[in-house]
Every structure is written in structure tokens, then in C-alpha cells.
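Q: Structure file start_12.txt (compact mmCIF, C-alpha atoms) is given on the next line.
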```
# COMPACT_ATOMS: atom_id res chain seq x y z
CA MET A 821 80.26 90.82 89.22
CA ALA A 822 81.95 87.74 90.61
CA ASN A 823 84.22 89.07 93.31
CA GLU A 824 83.56 86.00 95.43
CA VAL A 825 85.55 83.85 92.97
CA ASN A 826 88.96 82.99 94.41
CA PRO A 827 91.53 84.16 91.82
CA PHE A 828 94.12 81.61 92.96
CA GLU A 829 91.67 78.77 92.40
CA SER A 830 90.93 80.23 88.96
CA LEU A 831 94.63 80.19 88.11
CA GLN A 832 95.02 76.58 89.26
CA GLU A 833 92.01 75.53 87.19
CA GLN A 834 93.54 77.17 84.12
CA ILE A 835 96.85 75.37 84.68
CA ASP A 836 95.08 72.03 85.15
CA ASP A 837 93.20 72.55 81.90
CA ALA A 838 96.40 73.39 80.00
CA GLY A 839 98.16 70.38 81.52
CA THR A 840 95.85 68.03 79.63
CA TYR A 841 97.45 69.25 76.38
CA VAL A 842 101.08 69.19 77.58
CA ASP A 843 103.40 66.23 78.09
CA VAL A 844 103.99 66.80 81.81
CA ALA A 845 103.75 64.42 84.76
CA GLU A 846 100.97 65.13 87.25
CA ASP A 847 103.36 65.66 90.15
CA VAL A 848 105.46 68.10 88.11
CA LEU A 849 102.32 69.96 87.07
CA GLU A 850 101.39 70.29 90.74
CA ARG A 851 104.70 72.10 91.29
CA PHE A 852 103.67 74.72 88.74
CA LYS A 853 100.38 75.38 90.52
CA GLN A 854 101.91 76.66 93.76
CA PRO A 855 104.16 79.65 94.52
CA GLU A 856 107.71 78.87 95.55
CA ARG A 857 107.45 81.30 98.48
CA VAL A 858 105.20 84.03 99.86
CA LEU A 859 106.35 86.85 102.11
CA GLU A 860 103.57 88.03 104.42
CA THR A 861 104.33 90.92 106.72
CA THR A 862 102.69 93.65 108.79
CA LEU A 863 103.94 97.17 108.17
CA SER A 864 103.75 99.83 110.88
CA ILE A 865 104.20 103.52 110.21
CA GLU A 866 103.61 106.77 112.06
CA ARG A 867 100.86 108.86 110.50
CA ASP A 868 101.07 112.63 110.16
CA ASP A 869 98.99 113.07 113.32
CA GLY A 870 101.38 110.89 115.35
CA SER A 871 99.16 107.81 115.49
CA ILE A 872 100.38 104.38 114.38
CA ALA A 873 98.85 102.60 111.39
CA THR A 874 99.43 98.98 110.39
CA PHE A 875 98.98 97.30 107.02
CA ASP A 876 99.02 93.74 105.70
CA ALA A 877 101.58 93.40 102.91
CA TYR A 878 102.68 90.54 100.67
CA ARG A 879 105.14 89.45 98.00
CA SER A 880 104.59 86.16 96.16
CA GLN A 881 107.37 84.54 94.13
CA PHE A 882 105.63 81.98 92.00
CA ASN A 883 108.17 80.44 89.65
CA GLY A 884 111.78 81.27 88.84
CA ASP A 885 112.71 78.50 86.40
CA ARG A 886 113.09 80.92 83.49
CA GLY A 887 114.72 83.85 85.32
CA PRO A 888 114.27 86.39 88.14
CA TYR A 889 110.76 86.77 89.55
CA LYS A 890 108.97 89.67 87.89
CA GLY A 891 105.74 91.43 88.73
CA GLY A 892 104.05 94.53 90.03
CA ILE A 893 103.13 95.93 93.42
CA ARG A 894 99.57 97.13 93.98
CA TYR A 895 98.01 99.30 96.67
CA HIS A 896 94.35 98.37 97.08
CA PRO A 897 92.02 97.47 99.97
CA GLY A 898 91.29 94.10 98.32
CA VAL A 899 94.90 92.91 98.32
CA SER A 900 95.13 89.45 99.92
CA ARG A 901 97.44 86.48 100.09
CA ASP A 902 95.44 84.49 97.53
CA GLU A 903 95.23 87.46 95.18
CA VAL A 904 98.98 88.03 95.03
CA LYS A 905 99.59 84.28 94.66
CA ALA A 906 97.26 84.21 91.67
CA LEU A 907 98.71 87.33 90.12
CA SER A 908 102.26 86.05 90.56
CA GLY A 909 101.26 82.84 88.80
CA TRP A 910 99.71 84.75 85.91
CA MET A 911 102.97 86.71 85.69
CA ALA A 912 105.00 83.51 85.35
CA TYR A 913 102.85 82.42 82.44
CA LYS A 914 102.75 85.93 80.98
CA THR A 915 106.55 86.23 80.80
CA ALA A 916 106.71 82.78 79.23
CA VAL A 917 104.08 83.73 76.61
CA ALA A 918 106.14 86.82 75.73
CA ASN A 919 109.24 84.59 75.80
CA ILE A 920 111.25 86.96 77.96
CA PRO A 921 113.68 85.51 80.55
CA TYR A 922 111.72 86.08 83.73
CA GLY A 923 109.65 84.14 86.21
CA GLY A 924 106.58 85.45 87.97
CA GLY A 925 106.08 87.51 91.11
CA LYS A 926 103.52 89.92 92.56
CA GLY A 927 103.11 92.00 95.66
CA GLY A 928 100.79 94.42 97.33
CA ILE A 929 99.66 96.30 100.40
CA ALA A 930 96.06 96.24 101.62
CA LEU A 931 95.20 99.94 101.75
CA ASP A 932 93.32 102.69 99.95
CA PRO A 933 96.04 105.18 98.97
CA SER A 934 93.51 108.02 98.66
CA GLU A 935 93.18 107.98 102.46
CA TYR A 936 96.86 108.80 103.08
CA SER A 937 99.07 111.82 102.47
CA THR A 938 102.08 111.72 100.17
CA ALA A 939 104.40 111.70 103.19
CA GLU A 940 102.49 108.78 104.71
CA LEU A 941 102.58 106.84 101.43
CA GLU A 942 106.32 107.37 101.24
CA ARG A 943 106.79 105.98 104.76
CA ILE A 944 104.54 103.01 103.92
CA THR A 945 106.45 102.32 100.69
CA ARG A 946 109.87 102.59 102.31
CA SER A 947 108.77 100.32 105.16
CA TYR A 948 107.60 97.79 102.58
CA ALA A 949 110.86 98.14 100.64
CA ALA A 950 112.84 97.42 103.81
CA GLU A 951 110.84 94.20 104.30
CA LEU A 952 111.38 93.24 100.64
CA ARG A 953 115.10 93.97 100.74
CA PRO A 954 116.28 90.39 101.51
CA VAL A 955 114.22 88.82 98.70
CA ILE A 956 114.48 91.32 95.82
CA GLY A 957 117.36 92.39 93.63
CA PRO A 958 118.28 92.73 89.92
CA ASP A 959 119.03 88.99 89.70
CA ARG A 960 116.40 87.77 92.22
CA ASP A 961 113.07 89.56 92.02
CA VAL A 962 112.32 92.77 90.13
CA PRO A 963 109.12 94.59 91.22
CA ALA A 964 107.22 97.08 89.06
CA PRO A 965 104.13 99.31 89.27
CA ASP A 966 100.59 97.93 89.35
CA VAL A 967 97.20 99.18 90.57
CA ASN A 968 97.58 102.56 92.37
CA THR A 969 101.38 102.60 92.12
CA GLY A 970 103.69 104.20 89.58
CA GLN A 971 107.04 105.85 89.01
CA ARG A 972 106.97 107.63 92.37
CA GLU A 973 106.64 104.42 94.39
CA MET A 974 109.25 102.62 92.29
CA ASN A 975 111.69 105.47 92.80
CA TRP A 976 111.13 105.24 96.57
CA ILE A 977 111.71 101.48 96.56
CA LYS A 978 114.86 101.83 94.47
CA ASP A 979 116.23 104.56 96.73
CA THR A 980 115.46 102.59 99.91
CA TYR A 981 117.08 99.43 98.56
CA GLU A 982 120.19 101.27 97.37
CA LYS A 983 120.66 103.05 100.68
CA LEU A 984 120.22 99.88 102.74
CA GLU A 985 122.51 97.89 100.44
CA ASN A 986 124.97 100.79 100.04
CA THR A 987 125.02 100.30 96.29
CA THR A 988 123.68 101.59 92.99
CA ALA A 989 121.12 99.17 91.55
CA PRO A 990 118.69 100.79 89.08
CA GLY A 991 117.66 97.31 87.91
CA VAL A 992 116.14 96.41 91.29
CA VAL A 993 112.76 97.74 90.07
CA THR A 994 111.29 98.78 86.74
CA GLY A 995 108.71 101.40 85.87
CA LYS A 996 110.94 104.14 87.29
CA GLY A 997 111.11 107.76 86.19
CA LEU A 998 113.48 108.44 83.29
CA GLU A 999 116.03 110.28 85.44
CA SER A 1000 116.10 107.30 87.81
CA GLY A 1001 116.85 104.79 85.07
CA GLY A 1002 113.41 104.27 83.57
CA SER A 1003 112.68 103.47 79.94
CA GLU A 1004 111.07 105.48 77.22
CA GLY A 1005 107.73 103.99 76.23
CA ARG A 1006 107.01 102.37 79.60
CA LEU A 1007 103.90 104.39 80.48
CA GLU A 1008 102.17 103.45 77.23
CA ALA A 1009 103.42 99.87 77.08
CA THR A 1010 100.39 98.01 78.44
CA GLY A 1011 97.90 99.99 76.38
CA ARG A 1012 100.11 99.55 73.33
CA SER A 1013 100.20 95.76 73.68
CA VAL A 1014 96.39 95.77 73.99
CA MET A 1015 96.18 97.69 70.71
CA LEU A 1016 98.70 95.38 69.00
CA THR A 1017 96.87 92.27 70.21
CA ALA A 1018 93.56 93.65 68.97
CA ARG A 1019 95.10 94.53 65.61
CA GLU A 1020 96.52 91.02 65.20
CA ALA A 1021 93.26 89.40 66.33
CA PHE A 1022 91.11 91.27 63.84
CA SER A 1023 93.69 90.71 61.10
CA TYR A 1024 93.44 86.99 61.88
CA LEU A 1025 89.65 87.30 61.51
CA GLY A 1026 90.02 89.25 58.26
CA THR A 1027 88.85 92.62 59.61
CA ASP A 1028 90.65 95.97 59.61
CA LEU A 1029 90.64 98.03 62.83
CA GLU A 1030 89.01 100.89 60.91
CA GLU A 1031 85.84 98.78 60.79
CA VAL A 1032 85.79 98.01 64.53
CA THR A 1033 83.67 99.51 67.32
CA VAL A 1034 85.16 99.38 70.82
CA ALA A 1035 84.00 99.50 74.45
CA VAL A 1036 86.62 99.94 77.20
CA GLN A 1037 85.76 99.02 80.79
CA GLY A 1038 88.14 100.81 83.16
CA TYR A 1039 89.67 104.12 82.12
CA GLY A 1040 92.92 104.12 84.04
CA ASN A 1041 96.35 104.10 82.44
CA ALA A 1042 95.96 100.88 80.43
CA GLY A 1043 92.36 101.41 79.34
CA ALA A 1044 92.71 105.06 78.38
CA ILE A 1045 95.93 104.55 76.43
CA ALA A 1046 94.54 101.46 74.68
CA ALA A 1047 91.47 103.50 73.68
CA ARG A 1048 93.60 106.33 72.28
CA LEU A 1049 95.94 104.01 70.37
CA LEU A 1050 93.02 102.01 68.95
CA ALA A 1051 91.39 105.28 67.86
CA ASP A 1052 94.68 106.30 66.23
CA LYS A 1053 94.44 103.11 64.16
CA GLY A 1054 90.93 104.03 63.03
CA ALA A 1055 88.78 102.08 65.51
CA ARG A 1056 85.64 103.84 66.83
CA ILE A 1057 85.51 104.11 70.62
CA VAL A 1058 81.78 104.08 71.39
CA ALA A 1059 81.75 103.41 75.16
CA VAL A 1060 84.10 103.76 78.13
CA SER A 1061 83.64 103.41 81.88
CA ASP A 1062 85.26 103.82 85.27
CA SER A 1063 84.04 103.14 88.81
CA SER A 1064 81.47 105.95 88.51
CA GLY A 1065 79.69 104.43 85.51
CA SER A 1066 79.86 104.46 81.71
CA ILE A 1067 79.29 106.80 78.79
CA HIS A 1068 78.16 105.70 75.33
CA ASP A 1069 78.07 107.48 71.97
CA GLU A 1070 77.47 105.40 68.86
CA ASP A 1071 79.08 108.12 66.73
CA GLY A 1072 82.31 107.75 68.68
CA LEU A 1073 83.98 109.35 71.70
CA ASP A 1074 87.15 111.42 71.64
CA ALA A 1075 89.37 109.13 73.75
CA GLY A 1076 91.87 111.87 74.59
CA ALA A 1077 89.19 114.39 75.54
CA VAL A 1078 87.54 111.82 77.83
CA SER A 1079 90.91 111.27 79.54
CA ASP A 1080 91.35 115.02 80.00
CA ARG A 1081 87.86 115.35 81.51
CA LYS A 1082 88.44 112.43 83.86
CA ALA A 1083 91.73 114.00 84.99
CA GLN A 1084 89.87 117.23 85.80
CA SER A 1085 86.75 115.83 87.46
CA GLY A 1086 87.71 112.30 88.46
CA SER A 1087 84.98 110.64 86.41
CA VAL A 1088 84.36 109.77 82.76
CA THR A 1089 80.63 110.33 83.33
CA ASP A 1090 81.34 114.07 83.58
CA TYR A 1091 82.28 114.12 79.90
CA GLU A 1092 79.85 116.41 78.11
CA ASP A 1093 78.99 114.05 75.25
CA GLY A 1094 77.47 110.59 75.42
CA GLU A 1095 74.73 108.78 77.29
CA VAL A 1096 75.51 107.89 80.92
CA GLY A 1097 74.96 104.28 81.99
CA SER A 1098 76.29 101.55 84.27
CA ASN A 1099 79.38 99.38 83.99
CA GLU A 1100 77.17 96.42 83.09
CA ASP A 1101 75.68 98.45 80.25
CA LEU A 1102 79.16 98.84 78.84
CA LEU A 1103 80.13 95.19 79.26
CA THR A 1104 77.04 94.06 77.37
CA ALA A 1105 77.17 96.78 74.69
CA ASP A 1106 76.75 95.81 71.03
CA VAL A 1107 80.35 96.32 69.88
CA ASP A 1108 82.96 94.41 67.91
CA LEU A 1109 85.65 94.66 70.59
CA LEU A 1110 85.35 94.71 74.39
CA VAL A 1111 88.41 95.69 76.43
CA PRO A 1112 88.02 94.89 80.15
CA ALA A 1113 90.69 97.03 81.81
CA ALA A 1114 89.62 97.10 85.47
CA LEU A 1115 90.12 94.48 88.20
CA GLU A 1116 89.83 90.68 88.10
CA ASN A 1117 86.57 88.71 87.95
CA ALA A 1118 84.62 91.53 86.28
CA ILE A 1119 82.73 89.06 84.04
CA ASP A 1120 81.15 85.90 85.41
CA ALA A 1121 79.19 83.18 83.60
CA ASP A 1122 75.84 84.94 83.91
CA LEU A 1123 77.17 88.19 82.50
CA ALA A 1124 79.05 86.31 79.77
CA GLU A 1125 75.70 85.11 78.41
CA ASP A 1126 74.82 88.74 77.66
CA ILE A 1127 78.14 89.78 76.09
CA GLN A 1128 77.57 91.00 72.53
CA ALA A 1129 81.19 91.68 71.52
CA ASP A 1130 82.79 89.38 68.95
CA VAL A 1131 86.28 89.78 70.42
CA ILE A 1132 87.47 90.44 73.98
CA VAL A 1133 91.01 91.66 74.60
CA GLU A 1134 91.90 91.52 78.30
CA ALA A 1135 93.79 94.60 79.43
CA ALA A 1136 93.18 93.72 83.11
CA ASN A 1137 94.54 90.67 84.91
CA GLY A 1138 91.96 87.89 85.17
CA PRO A 1139 88.83 89.87 84.24
CA LEU A 1140 86.94 86.68 83.29
CA THR A 1141 86.11 83.81 85.62
CA PRO A 1142 86.80 80.28 84.27
CA ASP A 1143 83.05 79.70 83.98
CA ALA A 1144 82.74 82.87 81.90
CA ASP A 1145 85.51 81.57 79.66
CA ASP A 1146 83.55 78.38 79.08
CA VAL A 1147 80.40 80.31 78.17
CA LEU A 1148 82.25 82.59 75.74
CA THR A 1149 84.04 79.65 74.12
CA ASP A 1150 80.71 77.92 73.55
CA ARG A 1151 79.39 81.14 72.02
CA ASP A 1152 82.42 81.46 69.67
CA VAL A 1153 83.56 84.75 71.20
CA TYR A 1154 87.31 85.17 70.70
CA VAL A 1155 89.04 86.02 73.98
CA LEU A 1156 92.62 87.23 73.75
CA PRO A 1157 93.94 86.56 77.25
CA ASP A 1158 95.64 88.94 79.64
CA VAL A 1159 98.91 87.00 79.55
CA LEU A 1160 99.29 88.17 75.96
CA ALA A 1161 97.23 91.35 75.72
CA ASN A 1162 98.70 93.24 78.68
CA ALA A 1163 102.20 91.77 78.39
CA GLY A 1164 103.46 95.11 77.08
CA GLY A 1165 104.10 96.32 80.60
CA VAL A 1166 106.34 93.45 81.60
CA THR A 1167 108.00 93.39 78.18
CA VAL A 1168 109.05 97.04 78.35
CA SER A 1169 110.00 96.43 81.99
CA TYR A 1170 112.34 93.77 80.63
CA PHE A 1171 113.72 96.31 78.14
CA GLU A 1172 114.23 98.75 81.04
CA TRP A 1173 116.06 96.09 83.05
CA VAL A 1174 118.29 95.32 80.03
CA GLN A 1175 119.06 99.02 79.59
CA ASN A 1176 119.88 99.37 83.30
CA ARG A 1177 122.34 96.49 83.08
CA GLN A 1178 123.92 97.81 79.90
CA GLY A 1179 124.03 101.42 81.05
CA PHE A 1180 122.82 102.27 77.54
CA TYR A 1181 119.35 103.65 76.90
CA TRP A 1182 117.08 103.27 73.89
CA SER A 1183 114.88 105.72 72.01
CA GLU A 1184 111.09 105.47 72.33
CA GLU A 1185 110.93 104.43 68.69
CA ARG A 1186 113.22 101.48 69.33
CA VAL A 1187 111.28 100.47 72.44
CA ASN A 1188 107.99 100.52 70.52
CA ASP A 1189 109.49 98.61 67.58
CA GLU A 1190 110.93 95.93 69.88
CA LEU A 1191 107.61 95.66 71.73
CA GLU A 1192 105.70 95.22 68.49
CA THR A 1193 108.03 92.37 67.50
CA VAL A 1194 107.54 90.59 70.84
CA ILE A 1195 103.73 90.89 70.80
CA THR A 1196 103.28 89.93 67.14
CA ASP A 1197 105.64 86.95 67.53
CA ALA A 1198 103.77 85.85 70.65
CA PHE A 1199 100.42 86.14 68.85
CA GLU A 1200 101.77 84.01 66.01
CA ASP A 1201 102.88 81.35 68.51
CA LEU A 1202 99.42 81.31 70.09
CA GLN A 1203 97.67 81.27 66.73
CA SER A 1204 99.77 78.31 65.60
CA ALA A 1205 99.06 76.37 68.79
CA PHE A 1206 95.34 77.19 68.59
CA LYS A 1207 95.02 75.94 65.01
CA ASP A 1208 97.56 73.11 64.87
CA ARG A 1209 96.49 71.48 68.15
CA ASP A 1210 92.78 72.16 67.76
CA LEU A 1211 92.63 73.95 71.12
CA PRO A 1212 89.31 75.32 72.41
CA ASN A 1213 90.38 78.97 72.69
CA PHE A 1214 93.31 81.38 72.68
CA ARG A 1215 93.63 81.31 76.47
CA MET A 1216 94.28 77.59 76.32
CA ALA A 1217 96.81 78.23 73.57
CA ALA A 1218 98.58 80.79 75.77
CA TYR A 1219 98.78 78.42 78.73
CA VAL A 1220 99.91 75.49 76.60
CA VAL A 1221 102.70 77.54 75.00
CA SER A 1222 103.83 79.07 78.30
CA LEU A 1223 103.53 75.86 80.33
CA GLU A 1224 105.68 74.00 77.81
CA ARG A 1225 108.35 76.69 78.05
CA ILE A 1226 108.37 76.57 81.85
CA VAL A 1227 108.43 72.74 81.87
CA ASP A 1228 111.37 72.76 79.42
CA ALA A 1229 113.32 75.17 81.64
CA TYR A 1230 112.53 73.09 84.73
CA GLU A 1231 113.60 69.83 83.06
CA GLN A 1232 116.82 71.36 81.74
CA GLY A 1233 117.73 72.60 85.21
CA GLY A 1234 116.55 69.53 87.08
CA ASN A 1235 114.88 69.34 90.46
CA TRP A 1236 117.13 70.31 93.38
CA PRO A 1237 116.04 71.62 96.80
```
Output the file's structure as C-alpha cells, nothing else.

A:
Amino acid sequence: MANEVNPFESLQEQIDDAGTYVDVAEDVLERFKQPERVLETTLSIERDDGSIATFDAYRSQFNGDRGPYKGGIRYHPGVSRDEVKALSGWMAYKTAVANIPYGGGKGGIALDPSEYSTAELERITRSYAAELRPVIGPDRDVPAPDVNTGQREMNWIKDTYEKLENTTAPGVVTGKGLESGGSEGRLEATGRSVMLTAREAFSYLGTDLEEVTVAVQGYGNAGAIAARLLADKGARIVAVSDSSGSIHDEDGLDAGAVSDRKAQSGSVTDYEDGEVGSNEDLLTADVDLLVPAALENAIDADLAEDIQADVIVEAANGPLTPDADDVLTDRDVYVLPDVLANAGGVTVSYFEWVQNRQGFYWSEERVNDELETVITDAFEDLQSAFKDRDLPNFRMAAYVVSLERIVDAYEQGGNWP
């Protein structure tokens, strides 16, 4: 692992690399490497036993040239200022790759939610929402779920904001429950975009998904759903992992049954079939497709030397270090970057926001059809840039396409304090 790599420095390096292929002045490029603002606050809540607990919390608003800031909120002990800055930057480039009218934002609270009761988590979330209140809103900054958050937390944030503002504003957050203004298809959206990206990538390489073997690192929402949807398209899921380790079966795992077992026991390694191994065993497995769906910096340059997959589709944010990218490019491994592959979440969040503003809600079929159009169009844009400009890899293509769109929006609006 390469957890010591600073994710914000990784982001800036990626932007610098893309800038060499884009007609943008150096000083303007520097503007796109820094967040526009970062809220850093300390939350204090009363625990169930009457004691007081404090938490570091953040919200980074990276770039708003193309629309309101957009990005998730994560609850994790590793949340830091640099992490949310990096993630908010990746969101700005992700929304531009998908060509939806948003900027990039990200937030989080440094805590392990498993150590707190539901009542305590509600107080923490509402305290955070009160701090966010001046800087979020349907036309300013629209949070969403991320690691260890979901519909419940979004509903709490929405309710807190509406009560403090004395208004009704379902579009203040996305990823809500359906009865609170959420969208059909939202829970599957990230996993679905991973499947669509993989399908397009192998089609580009002249291979049908029915001929593909798959390993999925990280069996949370995105990884598990991607595995199931890939299996539905005929791919063979031969290895999956979570924090407890990995399981491998060359004949294929039942993705849904593994999910059910993990829900019961808390670990994929408790699944009755398959050989138990480590996370590194999975990452270096001899498969056609590797889907890293855990946290950032899971694959560094040393580990990249041992990767056997032909294609990597990034379900997680930033799972490869820049040095790992270089190694995999030299080895002709196709890496489909996170800013495309997991853009399903933010895309369906955009659909949810549109539905909230219209007061008219779509069927799941329409949501999935619209998502497929966005992802396939985005892949075509990246493929064209990759081939026509002779770019080194698809990540560079993604950053070139997105950076040009952000630069165009900036130049059309002009620079004003």
C-alpha cells in the first residue's frame, strides 16, 4: 500500500501533466490546482453517556466555473484537509468529464462511525449540517453520500438545512431516500457506471464481457454492485475482497451470494466457496479486469509491477498513485480512470437534483437509460482524445478533456474577484 502518498499532491501532478496538452497559461493552470475555499471546523456533541466528543470536519469547494460545487461527505478516521481538497478536485474534473453542469466539492468528518450510536451519529451529522449551512444550497454546493454515509445522513442534512432556513429545499443534497426526494437508480449508479465503462473498454479492445474474468477489490456498495452487474453481462467474477481479506474461485463466484454472506457475517472471507487470501493476492491475480473499489492509493509503483490484469477500471477515487500510473502505462495496461468509471454516482445525483427542481420524478428505466448515454458519450470523448492526440493513457485523456471544459468556462466568464 502507499498510504503515505499525499492525495492532493497526486491531484496536482495529474493536472500539471494534463496542462502540457492543453492551451492554457501557466498562471491560469495554477488556479485550477487549488481549491477556491476550504471550511475547517471542530464539531462538539454530547454523547449518550453525557460526555463531550469533538471531531475535525471539513468541506472543500474546489472549482465552481461550470456550476454549483458537487461532491460527497465521508465519515472515516483518515479524513484530513488534504484528502478532501484532493477529492474535491477530482470531483471538479469528474463532473467535467461527464459533461454535467457542476463544479467540484468534497467534505468529511474524521471519525469511525462504528464507534457511535445512531443517536450520536445524528447529532454529529446535524452539527455538521449547521456548520455547512452558510456555504451549501441548491445553487451553491450540493453534498451527497460517500464512504460510510448514505440516505440516512443525507436526510438528516436536508432536514437540518430546511429547518434552519425555514424552507423546503430537497435539492440541497442528493442521495436521499425516495420519500425525501431521492432518485430511482441512485444506489446502483456508481456500480452501473463501472460496468458500463468496462463494457465500453473491452468493446474498444475487441472483447466481449462474456470472455472476461474479473477481480474486485473492496466489496462495499460500488464494488458489490459492479460485480453483480458485470456478472449479469456474462463476466466471470473470480475474486473479491474487503478489509478482512480476499476469496478466489477460478470457476466463478456468485456475486449476489457473496454480498448476502458479507451482510450476515461482515466479511467476504466467510463465504463458503473459494480460497481465502490477502488483498494483495487479489490485486495481483491473473484476471482480465481488475476493479479497485476501496480507498485511495491502494496500488503503488511496486505493486503495479506485479499487476496481471489487462484492464483496470477504477471504482474508487484515486486508487493508483501517479507512479503506479506510469508503471502501468509502460506495461500497456489500460486504466480507465475514476473520473469516468465512478461518475455514475454524481451523474444520477445530477438527475436527482434536476428532478427536485422540476418537481417531476423519473422511472428507474429512464434514469438508467440517461446514465448509459452520459457514460458512453464520455467514453467516446476520451477515446477520441486518446487516439487523435496520441495521449499516453486514458487518464490523461480524461484530464485533457475535462481541463479544456473548465478552462473554456473560466475564459467565458472572465476572472473577477

Q: Using only C-alpha atoms, can you tell me which of A:Thr1167, A:Gln1128, A:Asn1213, A:Ser1000 comes closest to Asp1150 in chain A?

A: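 When distances to Asp1150 in chain A are compared using only C-alpha atoms, the smallest one comes from A:Asn1213.
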
Q: Using all atoms listed in the file for the distances, tell me which of A:Ser1003, A:Asn1162, A:Asn986, A:Thr874 is nearest to Phe1180 in chain A.

A: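 Result for the nearest residue to Phe1180 in chain A: A:Ser1003.
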
Q: Considering all atoms listed in the file, give me a table of residues in range 903-1017 of chain A that are at most 12 Å from range 1030-1046 of chain A, with the closest atom pair and distance in Å for each, as a Markdown table.

A:
```
| residue | atom | partner | partner_atom | distance |
| --- | --- | --- | --- | --- |
| A:Pro965 | CA | A:Asn1041 | CA | 11.4 |
| A:Asp966 | CA | A:Asn1041 | CA | 10.2 |
| A:Val967 | CA | A:Gly1040 | CA | 9.2 |
| A:Asn968 | CA | A:Gly1040 | CA | 9.7 |
| A:Thr969 | CA | A:Asn1041 | CA | 11.0 |
| A:Gly970 | CA | A:Asn1041 | CA | 10.2 |
| A:Gly1005 | CA | A:Ile1045 | CA | 11.8 |
| A:Arg1006 | CA | A:Asn1041 | CA | 11.2 |
| A:Leu1007 | CA | A:Asn1041 | CA | 7.8 |
| A:Glu1008 | CA | A:Ile1045 | CA | 6.4 |
| A:Ala1009 | CA | A:Ala1042 | CA | 8.2 |
| A:Thr1010 | CA | A:Ala1042 | CA | 5.6 |
| A:Gly1011 | CA | A:Ala1046 | CA | 4.0 |
| A:Arg1012 | CA | A:Ala1046 | CA | 6.0 |
| A:Ser1013 | CA | A:Ala1046 | CA | 8.1 |
| A:Val1014 | CA | A:Ala1046 | CA | 6.0 |
| A:Met1015 | CA | A:Ala1046 | CA | 5.7 |
| A:Leu1016 | CA | A:Ala1046 | CA | 9.3 |
| A:Thr1017 | CA | A:Ala1046 | CA | 10.5 |
```

Q: Can you tell me how far CA of Ala1113 in chain A sits from CA of Pro1139 in chain A, in Å to one decimal?

A: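 Between CA of Ala1113 in chain A and CA of Pro1139 in chain A the gap works out to 7.8 Å.
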
Q: Find the spatial neighbours of Leu941 in chain A, counting only C-alpha atoms, within a cut-off of 12 Å - ignore same-chain residues fewer than 6 positions away - and output them as a short mmCIF file (atom, residue, chain, number, x, y, z; two decimals) with C-alpha atoms, in the coordinates of the input.

A:
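Printed below is around_20.cif as written:
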```cif
data_model
loop_
_atom_site.label_atom_id
_atom_site.label_comp_id
_atom_site.auth_asym_id
_atom_site.auth_seq_id
_atom_site.Cartn_x
_atom_site.Cartn_y
_atom_site.Cartn_z
CA LEU A 863 103.94 97.17 108.17
CA SER A 864 103.75 99.83 110.88
CA ILE A 865 104.20 103.52 110.21
CA GLU A 866 103.61 106.77 112.06
CA ARG A 867 100.86 108.86 110.50
CA ASP A 868 101.07 112.63 110.16
CA ALA A 873 98.85 102.60 111.39
CA PHE A 875 98.98 97.30 107.02
CA TYR A 895 98.01 99.30 96.67
CA ILE A 929 99.66 96.30 100.40
CA LEU A 931 95.20 99.94 101.75
CA ASP A 932 93.32 102.69 99.95
CA PRO A 933 96.04 105.18 98.97
CA SER A 934 93.51 108.02 98.66
CA GLU A 935 93.18 107.98 102.46
CA SER A 947 108.77 100.32 105.16
CA TYR A 948 107.60 97.79 102.58
CA ASN A 968 97.58 102.56 92.37
CA THR A 969 101.38 102.60 92.12
CA ARG A 972 106.97 107.63 92.37
CA GLU A 973 106.64 104.42 94.39
CA TRP A 976 111.13 105.24 96.57
CA ILE A 977 111.71 101.48 96.56
#
```

Q: Grab the CA of Asp1189 in chain A to CA of Lys926 in chain A distance for me, in Å with one decimal place.

A: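 Between these atoms lies a distance of 27.1 Å.
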
Q: Restricting the calculation to only C-alpha atoms, which member of A:Gly1086, A:Pro958, A:Gly995, A:Gly898 is positioned closest to Ser1063 in chain A?

A: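 When distances to Ser1063 in chain A are compared using only C-alpha atoms, the smallest one comes from A:Gly1086.
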
Q: Name the closest residue to Gly1234 in chain A among the candidates A:Asp885, A:Glu1020, A:Thr862, A:Glu829; distances are taken between atoms, counting all atoms listed in the file.

A: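 Nearest to Gly1234 in chain A: A:Asp885.
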
Q: May I have the protein, DNA and RNA residues with any atom at most 9 Å from the point (80.9, 108.4, 87.1), counting all atoms listed in the file, written as a list of chain:residue names?

A: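 The distance filter leaves exactly A:Ser1061, A:Asp1062, A:Ser1063, A:Ser1064, A:Gly1065, A:Ser1066, A:Ile1067, A:Gly1086, A:Ser1087, A:Val1088, A:Thr1089, A:Asp1090, A:Val1096, A:Gly1097, A:Ser1098.
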
Q: How big is the axis-aligned box around the listed atoms of range 839-853 of chain A once 6 Å is added on each side, and where is its centre? Give both in Å to one decimal, as AutoDock Vina command-line options.

A:
```
--center_x 100.7 --center_y 69.9 --center_z 83.8 --size_x 21.6 --size_y 23.0 --size_z 26.9
```

Q: Between A:Ala950, A:Pro1142, A:Lys914, A:Val1111, which one has atoms that come closest to Ile1127 in chain A, using all atoms listed in the file?

A: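 Closest to Ile1127 in chain A of all the choices is A:Val1111.
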
Q: Counting all atoms listed in the file, which residues in range 1135-1191 of chain A sit no more than 6 Å from range 1118-1121 of chain A? For each one, give the nearest pair of atoms and the distance in Å, sorted by chain then residue number, as CSV.

A:
```
residue,atom,partner,partner_atom,distance
A:Pro1139,CA,A:Ala1118,CA,5.0
A:Leu1140,CA,A:Ile1119,CA,4.9
A:Thr1141,CA,A:Asp1120,CA,5.4
A:Asp1143,CA,A:Ala1121,CA,5.2
A:Ala1144,CA,A:Ala1121,CA,3.9
```

Q: Quick one: of A:Tyr1091, A:Phe852, A:Tyr1154, A:Phe1206, who's nearest to Ala912 in chain A, counting all atoms listed in the file?

A: A:Phe852

Q: Could you jot down the CA of Pro963 in chain A to CA of Glu999 in chain A separation for me, Å, one decimal place?

A: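 Atom-to-atom, CA of Pro963 in chain A and CA of Glu999 in chain A are spaced 18.1 Å apart.
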
Q: Around (101.2, 80.9, 95.6) in the file's own coordinates, what residues are found within 7 Å if you use all atoms listed in the file, given back as a PyMOL selection string?

A: chain A and resi 854-858+880+882+905-906
